[in-house]
Amino acid sequence: MNWNEILEFSRGALFNVALIFFVAGMVYRLVRVLLLGWSRDRAPAAGSKVGGVAKSFLKGILIWPFIPWVKRTFSKNPIIYLAGGLFHLGLFAAIFLGTPHMLVWKSLLGFGWRTLPVPIVDWLSAGAILAMIVLLINRRINPVLKLISGPAEYLSWLVVFLPMVSGYMMTHHMFFRYEVLFSLHMIAVDVLLIWIPLSRISHFMFYFFSRTIHGLEFGKRAVTP
Amino acid sequence: METQTALNTFVKETGGWAASQLEACTRCGMCAEACHFYQATGIPEYAPVWKIELLSRAYEQRFTVSGKIKLALGIDKPINDQDLLDWSKYIYHACTVCNKCSMVCPMGIDLGTLIHDVRSGLAEAGVVPADLKAAVELQLKEGSPLGVTDEVFEDRLEWVTDDWEVDIPIDKEGAETLVVFSSIEIMKFPQNLAAIAEILNAAGENWTLSSKAREVVNFGFYEGSHERTALFLRRILDHAAEMGVKRIVVTECGHAYDALRWTAYNITDVPKDIEITHISHLLGEYVSAGRIHLKEGALNGETITFHDACKIQRKGGHIQEPRQVLEVLAPESFVEMSPNKEEAICCGGGGGVIAIKEADPLRYEAFKLKKDQIEKVQAKTVVMACSNCRLQFTDCVQHFEMDVKVAGLSQLVADALVE
Amino acid sequence: MSEKTIYQHLQEQGVSRRDFLKLCGMLVGAMGISVPPLESADFLFQSDGVDQRMVQRVAKALESKTRAPVIWLEFQDCAGCTEALTRSQSPTLIDLVLNSISVEYHETLTAAAGFQTEANKEAIMQAYHGQYVLVVEGSIPTAAGGAYCTIGGRSAVDLLEEAAEGAAAIIATGNCSAFGGLPKAAPNPTGAKGVWEIIKDKPVVNIPGCPAIPEVFTGTLAHFLIFGNLPELDDLNRPMTFYGKTVHDRCLRRPFYDAGKFAMSFDDQGAKEGWCLYKLGCKGPTTYNACASIKWDAGLSFPVQSGHPCLGCSEPDFWDGGGFYQGQSAPLNPPGMVSVGTAVGAGAVIGAVMAANNASQKKRATAAGNETYREDKKEA
């Protein structure tokens with residue numbers, strides 16, 4: 001088996017299997033939680049629940065990433081805040097605003113969009129890779145994180161790290177020919193797609209539940225979330 | 001047997017609300033940064049995410065395929081009796097359910113309520129600190145965890161009415177507002193009874209106490225048992241309905257407000273036409289509406305700061321009212337601690353912690369954070385609207401030999417009343 | 001047979017010594033060959049970037065060697081590779097090489113036909129056994145016992161194996177003979193294969209492309225003629241000289257790729273400005289070929305330069321390698337709405353089943369809890 005055949009497989013059949021498993025798995029997780037029973041909150045609200053939800057998302061998506069000092073939340077741990085932020089920034093930049101990935105979305109969704117120039121995405125990706133290493137070290141030395149982290153957490157780290165590193169190597173033609181790097185990248189991505197519904201990486205889906213609940217709880221009490 | 005009971009409770013109370021949040025946790029550990037017990041001691045087991053680990057494990061092992069597989073293969077261990085004992089300490093000694101953790105969680109998970117859910121399970125299993133259990137028993141039998149029987153109640157009120165020369169209506173027919181005191185105030189800060197009575201009278205409020213609905217403290221709520229929480233709530237709500245009042249005012253107590261105003265509706269029946277509010281809200285209303293008049297600048301002089309009580313400010317929403325009052329009383333000498341308002345640091349004595357002797361060392365450690373805050377703004381007086389906080393502050397100020405006065409908000413208002 | 005040497009042959013055609021040496025230099029340049037430096041004064045031998053010692057060596061070889069016979073077999077082909085080769089208009093490199101060989105059998109180019117030309121081929125193969133160069137154009141069908149392509153009643157597989165047996169070198173020109181080309185596109189009804197999938201006991205040089213770039217083919221052929229061995233090959237047996245770099249790495253529009261300036265549709269402003277065609281599906285980054293450097297029509301242009309994205313025609317299975325306009329990075333065959341819908345349905349059903357199971361657990365827990373509480377009450 002040569003690398004061209006491996007590439008064709010990891011881009012073709014294996015990718016399709018991984019993608020289907022990802023979709024089915026995420027829907028399964030969603031339905032399983034949705035149908036677990038929800039009870040109405042009968043306490044009369046003192047403030048706007050909808051306003052609370054809006055503020056909650058504002059806090060999560062705008063304030064924390066860009067003007068965190070407003071909330072003073074991460075003042076105890078600026079390095080980890082920066083590392084977490086840089087990681088997510090690089091990740092989103094590469095996946096949504098990087099031209100090669102945009103074309104993948106286009107083939108799946110039917111429409112594309114404008115993207116960032118290569119050097120910008122490149123630097124952000126490098127930053128994200130560095131941030132991931134910092135976060136891994138932190139997970140080993142911080143006593144709380146060491147306590148709450150198990151094999152699943154470290155595996156999640158690896159499964160996210162490998163596509164980023166292989167993608168970076170691919171764009172920089174490091175060490176191997178493109179078909180080797182492309183294959184490694186695709187295999188890493190396929191593994192990631194399969195692991196997401198089985199792990200906490202799925203948090204991007206449950207984010208909307210927890211942030212909404214947060215907004216409702218604070219909004220009804222007329223407290224800024 | 002105990003473990004099974006706890007697990008049953010966990011399973012029972014894990015609906016979509018809890019499950020979606022348990023699924024959302026990314027194990028980032030940020031919650032620990034907000035927990036004053038972890039900050040004060042550095043013990044990782046006090047991290048809020050670890051406190052709800054029992055609930056999380058029960059959820060995974062019962063409700064998810066991967067959890068069931070891991071349990072079957074022996075990769076994960078089932079929850080056992082020792083776990084309950086260990087967690088009882090984290091949950092009751094090292095947590096005041098202040099809910100600051102939910103404010104910093106990047107996912108917005110409501111850890112406070114989830115920790116309360118763990119308490120529910122432990123309470124059903126009876127794995128509760130002895131002091132707390134005893135207090136609950138006392139409240140069941142005598143109507144108060146601090147020994148305020150019917151006789152004691154009558155006696156104390158008589159004494160307060162006499163000594164402070166204030167009118168305190170009890171069981172008045174046709175009253176619109178029912179005021180329910182906490183036995184902490186009755187026993188430890190009786191001047192609060194006089195102060196609040198004075199204020200309500202000055203505002204011309206049509207109010208009364210009730211000899212039957214006389215305890216707003218809810219140790220069932222501290223313990224976490226839904227049954228006992230509801231039982232104590234019913235003692236107030238049933239008599240309020242009987243009396244036909246339009247409003248119930250919770251005096252200077254924090255968790256009681258959380259239990260009555262926000263939790264009661266979901267665990268028992270609350271009469272639709274009764275409004276539930278807090279004395280701090282009333283004070284703010286009276287001052288801005290001009291129903292009472294205060295001597296402006298009465299407290300100008302020594303630096304005074306306000307301690308936000310977790311259940312009244314962060315979880316109650318009455319953040320502006322105390323400041324409205326203090327703006328009148330101490331426009332020049334009032335300073336804010338940092339952080340404050342909804343981000344304030346807990347006093348360390350709430351959630352039942354102060355009732356547990358074994359938790360005293362922890363309680364003092366946690367208070368060090370408040371001590372630093374007070375010293376930073378060089379406050380000579382700290383005022384608050386919760387008597388449990390007041391108990392904690394009083395005890396700790398003495399323990400740390402601090403030159404700081406501890407005051408209740410109502411007391412300061414009553415002292416500054418003018419015609 | 002007393003044969004004229006290549007040089008003598010060229011002289012007859014009126015090529016001067018000066019022109020001959022110029023052509024040798026072009027050959028060296030195109031093949032990118034050089035001798036390892038023996039002394040530090042190497043730079044003295046450089047002229048226009050071409051190692052003059054190499055030029056001398058090539059000239060000497062062409063002066064002394066006789067023309068090599070070539071058997072050119074066409075199977076499932078379009079003759080495009082031949083057409084590209086023969087479309088040169090002035091004395092060029094291609095001329096030189098074509099003059100260095102004697103094409104003894106070629107379906108498209110030979111005037112003769114029928115059994116006589118087949119017989120001639122047999123004769124040449126016998127007379128020059130072990131010396132002739134075998135060039136193959138077009139894929140070889142293997143399905144139905146090879147019946148999809150027959151010449152003179154014999155299958156392509158048969159003819160190939162026979163010719164390969166006595167060849168000194170085998171060159172597969174064009175994507176079809178290298179990797180199967182267009183006939184191999186799904187569902188590959190003829191069972192089309194490349195030469196090297198059938199001939200396994202001899203090295204086969206692949207010159208893929210659709211068509212193969214003429215200079216690439218002739219350069220490779222020249223290498224064999226002059227040095228008697230095959231040039232350095234990659235793991236798909238393509239000469240490293242020409243297939244060592246991707247189109248992307250040598251593309252003239254590369255700066256626009258890096259700057260994020262893309263044509264969004266054909267003939268839009270970006271396209272008119274000559275911006276990168278990556279978003280229109282260019283496969284340049286994953287295509288090894290010399291298009292961007294050597295180009296076509298004697299260096300006139302190549303697809304990207306003329307405004308069309310690269311199709312990746314020198315790569316195996318490029319017809320099935322993802323749509324030409326969907327983007328190089330896009331998945332080869334993304335699952336359709338049916339598959340995704342099925343996945344959603346399956347997830348939902350299994351999720352609902354699990355949720356039902358969990359709900360019944362909750363009911364049981366509630367009942368058990370009530371019992372425990374009632375027992376406590378009895379004791380109290």
# chains A, B, ... in the order shown; residues from 1 in each chain; ligands from 1
>>> interface_residues(of="chain A", to="chain B", cutoff="6 Å", atoms="only C-alpha atoms", output="list in words")
Val33, Leu34, Leu36, Gly37, Trp38, Arg42, Ala43, Thr73, Pro143, Val144, Leu145, Arg200, His203, Phe206, Tyr207, Ser210, Arg211, His214, Arg221, Ala222 and Val223 of chain A
>>> closest_atom_pairs(of="chain A", to="chain C", cutoff="8 Å", atoms="only C-alpha atoms", output="Markdown table")
| residue | atom | partner | partner_atom | distance |
| --- | --- | --- | --- | --- |
| A:Asn4 | CA | C:Pro316 | CA | 7.7 |
| A:Glu8 | CA | C:Gly321 | CA | 7.8 |
| A:Arg11 | CA | C:Pro331 | CA | 5.7 |
| A:Gly12 | CA | C:Leu332 | CA | 5.2 |
| A:Phe15 | CA | C:Pro331 | CA | 7.4 |
| A:Asn16 | CA | C:Pro335 | CA | 6.1 |
| A:Ile20 | CA | C:Ala343 | CA | 5.9 |
| A:Phe21 | CA | C:Ala343 | CA | 7.3 |
| A:Val23 | CA | C:Ala343 | CA | 6.1 |
| A:Ala24 | CA | C:Gly347 | CA | 4.3 |
| A:Gly25 | CA | C:Gly347 | CA | 5.9 |
| A:Met26 | CA | C:Gly347 | CA | 7.4 |
| A:Val27 | CA | C:Gly347 | CA | 5.0 |
| A:Tyr28 | CA | C:Gly347 | CA | 4.1 |
| A:Arg29 | CA | C:Gly351 | CA | 6.5 |
| A:Leu30 | CA | C:Gly351 | CA | 7.6 |
| A:Val31 | CA | C:Gly351 | CA | 5.1 |
| A:Arg32 | CA | C:Gly351 | CA | 4.5 |
| A:Val33 | CA | C:Ala355 | CA | 7.3 |
| A:Leu35 | CA | C:Ala355 | CA | 5.7 |
| A:Leu36 | CA | C:Ala355 | CA | 5.8 |
| A:Gly37 | CA | C:Ala359 | CA | 7.9 |
| A:Thr99 | CA | C:Lys279 | CA | 7.6 |
| A:Pro100 | CA | C:Ser329 | CA | 5.4 |
| A:His101 | CA | C:Ser329 | CA | 6.9 |
| A:Leu103 | CA | C:Gly327 | CA | 5.5 |
| A:Val104 | CA | C:Ala330 | CA | 4.2 |
| A:Trp105 | CA | C:Ala330 | CA | 7.7 |
| A:Lys106 | CA | C:Gln326 | CA | 7.7 |
| A:Ser107 | CA | C:Ala330 | CA | 6.1 |
| A:Leu108 | CA | C:Pro334 | CA | 6.5 |
| A:Thr115 | CA | C:Gly260 | CA | 7.1 |
| A:Leu116 | CA | C:Gly260 | CA | 6.1 |
| A:Pro117 | CA | C:Gly260 | CA | 3.8 |
| A:Val118 | CA | C:Asp258 | CA | 5.0 |
| A:Pro119 | CA | C:Asp258 | CA | 6.8 |
| A:Tyr178 | CA | C:Thr286 | CA | 6.7 |
| A:Glu179 | CA | C:Thr286 | CA | 7.5 |
>>> write_last_selection(atoms="N, CA and C atoms", output="compact mmCIF listing (two decimals), in the first residue's frame")
# COMPACT_ATOMS: atom_id res chain seq x y z
N ASN A 4 -0.36 7.24 -1.65
CA ASN A 4 -1.49 7.75 -2.43
C ASN A 4 -2.76 6.98 -2.14
N GLU A 8 -6.16 8.37 -0.45
CA GLU A 8 -7.49 8.22 -1.04
C GLU A 8 -8.47 7.63 -0.03
N ARG A 11 -9.19 10.17 2.90
CA ARG A 11 -10.00 11.30 2.44
C ARG A 11 -11.38 10.85 1.99
N GLY A 12 -11.47 9.61 1.61
CA GLY A 12 -12.70 9.12 0.99
C GLY A 12 -13.54 8.30 1.95
N PHE A 15 -13.14 8.96 5.82
CA PHE A 15 -13.70 10.26 6.19
C PHE A 15 -15.22 10.18 6.25
N ASN A 16 -15.81 9.55 5.25
CA ASN A 16 -17.26 9.43 5.23
C ASN A 16 -17.77 8.69 6.45
N ILE A 20 -20.18 10.40 9.29
CA ILE A 20 -21.49 9.84 9.61
C ILE A 20 -21.56 9.48 11.09
N PHE A 21 -20.50 8.87 11.60
CA PHE A 21 -20.48 8.52 13.02
C PHE A 21 -20.58 9.77 13.87
N VAL A 23 -22.00 12.69 13.09
CA VAL A 23 -23.36 13.23 13.05
C VAL A 23 -24.30 12.40 13.92
N ALA A 24 -24.24 11.07 13.71
CA ALA A 24 -25.13 10.19 14.47
C ALA A 24 -24.84 10.32 15.97
N GLY A 25 -23.56 10.34 16.32
CA GLY A 25 -23.19 10.41 17.73
C GLY A 25 -23.65 11.69 18.39
N MET A 26 -23.49 12.81 17.72
CA MET A 26 -23.88 14.08 18.32
C MET A 26 -25.39 14.15 18.48
N VAL A 27 -26.11 13.67 17.46
CA VAL A 27 -27.57 13.67 17.57
C VAL A 27 -28.00 12.78 18.73
N TYR A 28 -27.35 11.63 18.84
CA TYR A 28 -27.66 10.70 19.95
C TYR A 28 -27.49 11.41 21.29
N ARG A 29 -26.34 12.08 21.49
CA ARG A 29 -26.08 12.76 22.76
C ARG A 29 -27.15 13.81 23.02
N LEU A 30 -27.49 14.56 21.95
CA LEU A 30 -28.45 15.64 22.09
C LEU A 30 -29.82 15.11 22.49
N VAL A 31 -30.28 14.10 21.76
CA VAL A 31 -31.62 13.55 22.03
C VAL A 31 -31.66 12.93 23.42
N ARG A 32 -30.59 12.24 23.78
CA ARG A 32 -30.56 11.58 25.08
C ARG A 32 -30.73 12.58 26.22
N VAL A 33 -30.15 13.77 26.05
CA VAL A 33 -30.26 14.79 27.09
C VAL A 33 -31.62 15.49 27.00
N LEU A 35 -34.46 14.45 26.01
CA LEU A 35 -35.62 13.67 26.44
C LEU A 35 -35.53 13.20 27.88
N LEU A 36 -34.59 13.76 28.64
CA LEU A 36 -34.44 13.30 30.02
C LEU A 36 -35.44 13.96 30.95
N GLY A 37 -36.21 14.89 30.45
CA GLY A 37 -37.24 15.51 31.30
C GLY A 37 -36.85 16.91 31.72
N THR A 99 -8.60 29.05 4.18
CA THR A 99 -9.15 28.72 2.86
C THR A 99 -9.34 27.23 2.62
N PRO A 100 -8.34 26.36 2.90
CA PRO A 100 -8.56 24.94 2.61
C PRO A 100 -9.76 24.39 3.37
N HIS A 101 -9.95 24.78 4.64
CA HIS A 101 -11.08 24.25 5.40
C HIS A 101 -12.39 24.82 4.93
N LEU A 103 -13.19 25.40 1.99
CA LEU A 103 -13.61 24.62 0.82
C LEU A 103 -14.22 23.29 1.23
N VAL A 104 -13.77 22.74 2.36
CA VAL A 104 -14.39 21.51 2.86
C VAL A 104 -15.84 21.81 3.26
N TRP A 105 -16.03 22.91 4.01
CA TRP A 105 -17.39 23.30 4.41
C TRP A 105 -18.26 23.53 3.18
N LYS A 106 -17.65 24.16 2.20
CA LYS A 106 -18.41 24.48 0.98
C LYS A 106 -18.92 23.20 0.33
N SER A 107 -18.05 22.17 0.30
CA SER A 107 -18.49 20.94 -0.35
C SER A 107 -19.55 20.23 0.47
N LEU A 108 -19.58 20.49 1.79
CA LEU A 108 -20.57 19.82 2.63
C LEU A 108 -21.86 20.61 2.74
N THR A 115 -12.16 34.30 3.24
CA THR A 115 -11.23 33.74 4.22
C THR A 115 -10.06 34.68 4.48
N LEU A 116 -9.25 34.35 5.49
CA LEU A 116 -8.10 35.16 5.84
C LEU A 116 -6.88 34.75 5.03
N PRO A 117 -5.94 35.69 4.84
CA PRO A 117 -4.71 35.33 4.13
C PRO A 117 -3.92 34.27 4.89
N VAL A 118 -3.14 33.51 4.15
CA VAL A 118 -2.41 32.38 4.73
C VAL A 118 -1.53 32.77 5.92
N PRO A 119 -0.72 33.82 5.85
CA PRO A 119 0.19 34.10 6.97
C PRO A 119 -0.55 34.35 8.29
N TYR A 178 3.73 15.77 0.29
CA TYR A 178 2.40 16.19 0.68
C TYR A 178 1.47 15.01 0.92
N GLU A 179 1.63 13.92 0.13
CA GLU A 179 0.65 12.85 0.30
C GLU A 179 0.81 12.15 1.65
>>> select_by_dssp(residues="segment 166-259 of chain C", states="helix (DSSP H, G or I)", output="ChimeraX atom specification")
/C:175-179,182-184,195-198,214-227,240-243,247-250,254-259
>>> interface_residues(of="chain B", to="chain C", cutoff="8 Å", atoms="only C-alpha atoms", output="PDB file with C-alpha atoms, in the first residue's frame")
ATOM      1  CA  THR B   5     -30.470   5.789  48.641  1.00  0.00           C
ATOM      2  CA  ASN B   8     -31.548   6.902  43.813  1.00  0.00           C
ATOM      3  CA  THR B   9     -31.809  10.534  44.768  1.00  0.00           C
ATOM      4  CA  VAL B  11     -30.930   9.602  39.544  1.00  0.00           C
ATOM      5  CA  LYS B  12     -34.292  11.073  40.524  1.00  0.00           C
ATOM      6  CA  ARG B  62     -26.572   5.128  35.042  1.00  0.00           C
ATOM      7  CA  PHE B  63     -27.554   7.209  32.073  1.00  0.00           C
ATOM      8  CA  THR B  64     -24.799   6.882  29.489  1.00  0.00           C
ATOM      9  CA  GLU B 124     -31.560  11.136  51.983  1.00  0.00           C
TER      10      GLU B 124
END
>>> closest_residue(among="A:Val53, A:Leu82, A:Met1, A:Leu19", to="Gly215 of chain A", atoms="only C-alpha atoms")
A:Val53
>>> atom_distance(atom1="atom CA of Leu417 of chain B", atom2="atom CA of Phe181 of chain B")
21.1 Å
>>> atom_distance(atom1="atom CA of Glu215 of chain B", atom2="atom CA of Val136 of chain B")
12.8 Å
>>> select_by_dssp(residues="segment 111-196 of chain B", states="strand (DSSP E)", output="ChimeraX atom specification")
/B:177-180
>>> atom_distance(atom1="atom CA of Ser288 of chain B", atom2="atom CA of Val179 of chain B")
21.0 Å
>>> decode(residues="segment 161-175 of chain A", atoms="C-alpha atoms", output="JSON list (two decimals), in the first residue's frame")
[["chain", "number", "residue", "atom", "x", "y", "z"],
["A", 161, "PHE", "CA", -3.38, 18.27, 18.96],
["A", 162, "LEU", "CA", -2.53, 15.86, 16.15],
["A", 163, "PRO", "CA", -4.72, 17.42, 13.45],
["A", 164, "MET", "CA", -3.36, 20.84, 14.33],
["A", 165, "VAL", "CA", 0.26, 19.78, 14.15],
["A", 166, "SER", "CA", -0.19, 17.68, 11.02],
["A", 167, "GLY", "CA", -2.11, 20.51, 9.37],
["A", 168, "TYR", "CA", 0.67, 22.94, 10.18],
["A", 169, "MET", "CA", 3.30, 20.55, 8.87],
["A", 170, "MET", "CA", 1.27, 20.13, 5.72],
["A", 171, "THR", "CA", 1.13, 23.81, 4.94],
["A", 172, "HIS", "CA", 4.85, 24.13, 5.56],
["A", 173, "HIS", "CA", 5.90, 21.00, 3.68],
["A", 174, "MET", "CA", 7.82, 19.80, 6.69],
["A", 175, "PHE", "CA", 9.89, 16.64, 6.37]]
